[in-house]
Each structure stands twice: as structure tokens, then as C-alpha cells.
$ cat my_file-v1.txt   # compact mmCIF, C-alpha atoms and all ligand atoms
# COMPACT_ATOMS: atom_id res chain seq x y z
CA MET Y 1 -1.00 -0.93 45.64
CA LYS Y 2 -1.09 -4.18 43.80
CA TYR Y 3 -3.86 -2.78 41.62
CA ILE Y 4 -1.85 0.34 40.77
CA LEU Y 5 1.19 -1.71 39.77
CA SER Y 6 -0.78 -3.86 37.41
CA PHE Y 7 -2.38 -0.76 35.94
CA ILE Y 8 1.08 0.67 35.24
CA ALA Y 9 2.19 -2.60 33.72
CA ILE Y 10 -0.81 -2.63 31.39
CA THR Y 11 -0.24 1.00 30.40
CA LEU Y 12 3.39 0.26 29.60
CA PHE Y 13 2.36 -2.75 27.59
CA PHE Y 14 -0.04 -0.77 25.44
CA SER Y 15 2.24 2.21 24.95
CA GLY Y 16 4.92 -0.24 23.94
CA CYS Y 17 2.73 -1.62 21.19
CA GLY Y 18 1.14 1.68 20.22
CA ASP Y 19 3.09 3.41 17.50
CA SER Y 20 5.06 0.41 16.40
CA SER Y 21 1.96 -0.95 14.71
CA THR Y 22 4.19 -1.92 11.81
CA GLU Y 23 4.52 -5.39 10.42
CA HIS Y 24 6.45 -7.02 13.24
CA ALA Y 25 3.92 -6.13 15.96
CA HIS Y 26 1.26 -8.05 14.07
CA ALA Y 27 3.31 -10.84 12.63
CA ASP Y 28 0.85 -13.31 14.13
CA GLU Y 29 -1.89 -12.03 11.79
CA ALA Y 30 0.13 -12.65 8.69
CA GLY Y 31 1.83 -15.85 9.71
CA ALA Y 32 4.18 -17.43 7.25
CA ILE Y 33 3.80 -14.70 4.63
CA ASP Y 34 5.93 -12.31 6.66
CA VAL Y 35 8.74 -14.82 6.69
CA MET Y 36 8.74 -14.87 2.91
CA LEU Y 37 9.00 -11.10 2.53
CA PRO Y 38 12.47 -9.72 1.90
CA GLU Y 39 13.89 -7.44 4.57
CA ASN Y 40 14.22 -4.58 2.13
CA PRO Y 41 11.07 -4.12 0.03
CA VAL Y 42 12.93 -2.06 -2.59
CA SER Y 43 15.97 -3.39 -4.41
CA VAL Y 44 17.66 -2.92 -7.77
CA VAL Y 45 18.18 -6.03 -9.89
CA ASP Y 46 19.90 -5.70 -13.29
CA GLY Y 47 18.98 -2.01 -13.38
CA VAL Y 48 15.30 -2.65 -12.62
CA THR Y 49 13.83 -1.28 -9.39
CA VAL Y 50 12.08 -4.23 -7.76
CA VAL Y 51 9.38 -3.27 -5.26
CA GLU Y 52 7.61 -5.68 -2.91
CA MET Y 53 4.48 -3.92 -1.73
CA THR Y 54 1.84 -5.23 0.63
CA GLY Y 55 -1.57 -4.11 1.84
CA ASN Y 56 -3.58 -5.40 4.79
CA ASP Y 57 -6.97 -5.37 6.51
CA ARG Y 58 -5.92 -2.28 8.48
CA MET Y 59 -5.71 -0.34 5.20
CA LYS Y 60 -1.95 0.16 5.29
CA PHE Y 61 0.71 -0.20 2.64
CA ASN Y 62 4.14 -1.36 3.85
CA LEU Y 63 5.76 1.53 1.94
CA GLU Y 64 5.03 5.22 2.37
CA SER Y 65 7.54 6.23 -0.29
CA PHE Y 66 10.36 4.96 -2.45
CA VAL Y 67 12.82 6.48 -4.90
CA VAL Y 68 13.29 5.54 -8.56
CA PRO Y 69 15.42 7.01 -11.34
CA ALA Y 70 13.62 9.01 -14.06
CA GLY Y 71 12.93 6.89 -17.11
CA GLY Y 72 13.85 3.71 -15.23
CA GLN Y 73 12.02 0.42 -15.09
CA VAL Y 74 9.96 -0.76 -12.10
CA ARG Y 75 8.83 -4.31 -11.38
CA LEU Y 76 6.31 -4.18 -8.56
CA THR Y 77 4.69 -7.13 -6.85
CA PHE Y 78 1.70 -6.26 -4.73
CA HIS Y 79 0.39 -8.75 -2.18
CA ASN Y 80 -2.84 -8.47 -0.20
CA ARG Y 81 -1.94 -9.89 3.21
CA GLY Y 82 -5.46 -9.45 4.55
CA LYS Y 83 -8.10 -12.03 5.33
CA MET Y 84 -11.27 -10.02 4.74
CA PRO Y 85 -13.31 -10.66 1.57
CA LYS Y 86 -12.45 -8.70 -1.57
CA ALA Y 87 -15.87 -7.02 -1.73
CA ALA Y 88 -15.32 -5.47 1.70
CA MET Y 89 -11.52 -5.01 1.75
CA GLY Y 90 -10.08 -5.30 -1.76
CA HIS Y 91 -6.80 -3.53 -2.47
CA ASN Y 92 -4.88 -2.30 -5.48
CA VAL Y 93 -2.02 0.10 -6.16
CA VAL Y 94 -2.59 2.92 -8.63
CA PHE Y 95 0.30 5.22 -9.61
CA LEU Y 96 -0.91 8.66 -10.66
CA SER Y 97 0.75 11.15 -12.96
CA ALA Y 98 2.56 14.06 -11.32
CA ASP Y 99 -0.22 16.54 -12.11
CA ALA Y 100 -3.15 14.33 -11.08
CA ASP Y 101 -5.34 15.35 -8.15
CA SER Y 102 -5.46 12.23 -5.97
CA GLY Y 103 -8.58 13.38 -4.12
CA VAL Y 104 -10.53 13.87 -7.35
CA PHE Y 105 -9.22 10.57 -8.67
CA ALA Y 106 -10.16 8.63 -5.52
CA THR Y 107 -13.66 10.11 -5.53
CA ALA Y 108 -14.20 9.09 -9.16
CA ALA Y 109 -12.70 5.67 -8.45
CA ALA Y 110 -15.12 5.02 -5.60
CA ALA Y 111 -18.00 5.22 -8.08
CA ALA Y 112 -16.34 2.82 -10.55
CA ARG Y 113 -17.10 -0.51 -8.88
CA ASP Y 114 -17.90 -2.16 -12.23
CA HIS Y 115 -14.35 -1.34 -13.36
CA ASP Y 116 -12.60 -2.56 -10.20
CA TYR Y 117 -12.44 1.05 -9.00
CA ILE Y 118 -10.35 2.27 -11.95
CA PRO Y 119 -12.43 5.20 -13.22
CA VAL Y 120 -13.13 5.47 -16.94
CA GLY Y 121 -11.72 8.60 -18.59
CA PHE Y 122 -8.73 8.94 -16.25
CA ASP Y 123 -6.22 7.01 -18.35
CA ASP Y 124 -4.01 10.06 -18.85
CA GLN Y 125 -3.68 10.40 -15.05
CA ILE Y 126 -2.59 6.81 -14.46
CA VAL Y 127 1.05 5.77 -14.84
CA ALA Y 128 0.36 2.13 -13.93
CA HIS Y 129 -1.89 0.05 -11.71
CA THR Y 130 -2.25 -3.47 -10.34
CA LYS Y 131 -5.40 -5.56 -10.34
CA LEU Y 132 -7.81 -5.30 -7.45
CA LEU Y 133 -6.80 -8.12 -5.11
CA GLY Y 134 -8.70 -10.23 -2.64
CA PRO Y 135 -7.13 -11.80 0.47
CA GLY Y 136 -3.91 -13.70 -0.17
CA GLU Y 137 -3.71 -12.64 -3.83
CA SER Y 138 -0.71 -11.11 -5.60
CA ASP Y 139 -0.16 -9.23 -8.84
CA THR Y 140 3.09 -8.21 -10.53
CA ILE Y 141 3.28 -5.25 -12.90
CA GLU Y 142 6.13 -3.66 -14.81
CA PHE Y 143 6.19 -0.09 -15.95
CA THR Y 144 8.51 2.63 -17.17
CA VAL Y 145 9.00 5.55 -14.81
CA PRO Y 146 8.17 8.95 -16.35
CA MET Y 147 11.15 11.06 -17.50
CA GLN Y 148 9.93 14.04 -15.48
CA ALA Y 149 11.39 14.17 -11.97
CA GLY Y 150 8.95 14.82 -9.13
CA ASP Y 151 6.58 13.25 -6.64
CA TYR Y 152 4.13 10.72 -8.04
CA GLU Y 153 1.39 9.68 -5.66
CA TYR Y 154 0.15 6.12 -5.42
CA LEU Y 155 -2.97 4.94 -3.68
CA CYS Y 156 -5.44 2.13 -3.19
CA SER Y 157 -8.55 3.17 -5.11
CA PHE Y 158 -11.00 0.95 -3.19
CA PRO Y 159 -13.61 3.33 -1.71
CA ALA Y 160 -12.28 5.36 1.24
CA HIS Y 161 -8.96 3.52 1.48
CA MET Y 162 -6.82 6.41 0.29
CA PHE Y 163 -8.52 8.71 2.77
CA ALA Y 164 -7.85 6.12 5.50
CA GLY Y 165 -4.13 6.38 4.71
CA MET Y 166 -3.57 3.85 1.95
CA ARG Y 167 -1.34 6.12 -0.10
CA GLY Y 168 2.28 6.96 -0.71
CA VAL Y 169 4.73 8.76 -2.97
CA MET Y 170 7.06 7.45 -5.67
CA LYS Y 171 9.88 9.96 -5.80
CA VAL Y 172 11.31 10.21 -9.31
CA GLU Y 173 14.83 11.63 -9.38
CU CU S 201 -7.25 -0.85 -0.14
$ encode --input "my_file-v1.txt" --output "C-alpha cells"
Amino acid sequence: MKYILSFIAITLFFSGCGDSSTEHAHADEAGAIDVMLPENPVSVVDGVTVVEMTGNDRMKFNLESFVVPAGGQVRLTFHNRGKMPKAAMGHNVVFLSADADSGVFATAAAAARDHDYIPVGFDDQIVAHTKLLGPGESDTIEFTVPMQAGDYEYLCSFPAHMFAGMRGVMKVE
């Protein structure tokens, strides 16, 4: 009986942690950095949409989507919260044009190691991108949102990361 009870307790413990594998459940991994992050990763300051994006060793962005006005200005800071070396777990954020095929792009990017996984010849499919970041690094970019409303995919172009879920959608309205 004692054994069964502890089994139930363990099951409850794990199911409790399960799906909430968001930032707070793993705050111990990130330490002080989490404390510095604003509660809302998207805000509007003087008409500019300010986005605080993070990536981690589990190949997750903190944002699956966000909304921006067509033709507006975005200031995005991307921070790699991971600890693994850049060569094994580098991250970037690449915003694609509305008509780009993210699967084709990611496949080409995977072969572009000498260009930090930004494939040559795809400039017309890229709205903006950050640098490829190693652990603890940050990069801030500013870009103008396209005038055309629609869904613009973003992804990490490090090999296999998009397919592992490191992707999202910028919704232009
Ligand atoms: Cu990545």
C-alpha cells in the first residue's frame, strides 16, 4: 500500500510538470536571466513594437506568435538562454516573406554553415534576421514590417531546429 501511494505521488508530480514545460518550470536552468525578462515579451514603445525573444537548449522560442501593424517598426532583441556550445546549439531568428516556403528555406539553410545558416540566394525571402548566437549572447535588430497583411513565419535556421519546433508566426494586420 505504501508503495502504491508513493507511485501515485510520483505520477502526480510528473503530470504536474508535464505540459507546463514553459519558462517557469525550468527557471532553475536559466537562473538570474529569467528575472531580468519583462513579464510581457511584446510591448509598444513610442509606436515601435518591442519584442523580447528567447531561445534555449530545448530548441524552443518563448513566443509562438505575435501581432504587428502593417508597415510598422519592430525592435527585436533575441537572447540565447542556453548553455550548450554554439556549434552544437546555436540559435537565430529569421523572418521569412509571406510567400516563402519555410521547409525549403530551412533545408537550404542547413547546408549554409559557412554563412551562419543564412542561405545565399534567398535574400528576397528574408524580411529580417538576427545573428547566430552562442550561449548567453544577445542581438537586437530593427526592421520595417511589410505593408502586406498576412502570416509571416519565423524560424531558427540552425540545422533541424525549425523541424524540432523552433518556429512561429508574425501576424501582420
Ligand atoms: Cu536554434
$ residues_near_ligand --input "my_file-v1.txt" --ligand "ligand CU 201 (chain S)" --cutoff "12 Å" --atoms "all atoms listed in the file" --output "count of residues only"
49
$ atom_distance --input "my_file-v1.txt" --atom1 "CA of Leu76 (chain Y)" --atom2 "CA of Asn62 (chain Y)"
12.9 Å
$ closest_residue --input "my_file-v1.txt" --among "Y:Met53, Y:Val104, Y:Ala128, Y:Val68" --to "Lys171 (chain Y)" --atoms "only C-alpha atoms"
Y:Val68
$ residues_around --input "my_file-v1.txt" --residues "Val172 (chain Y)" --least-positions-apart "5" --cutoff "12 Å" --atoms "only C-alpha atoms" --output "JSON, numbers by chain"
{"Y": [49, 65, 66, 67, 68, 69, 70, 71, 72, 73, 74, 97, 98, 144, 145, 146, 147, 148, 149, 150, 151, 152, 153]}
$ closest_residue --input "my_file-v1.txt" --among "Y:Phe105, Y:Phe95, Y:Arg75, Y:Leu63" --to "Val45 (chain Y)" --atoms "all atoms listed in the file"
Y:Arg75
$ atom_distance --input "my_file-v1.txt" --atom1 "CA of Lys83 (chain Y)" --atom2 "CA of Gly136 (chain Y)"
7.1 Å
$ atom_distance --input "my_file-v1.txt" --atom1 "CA of Gln125 (chain Y)" --atom2 "CA of Leu96 (chain Y)"
5.5 Å
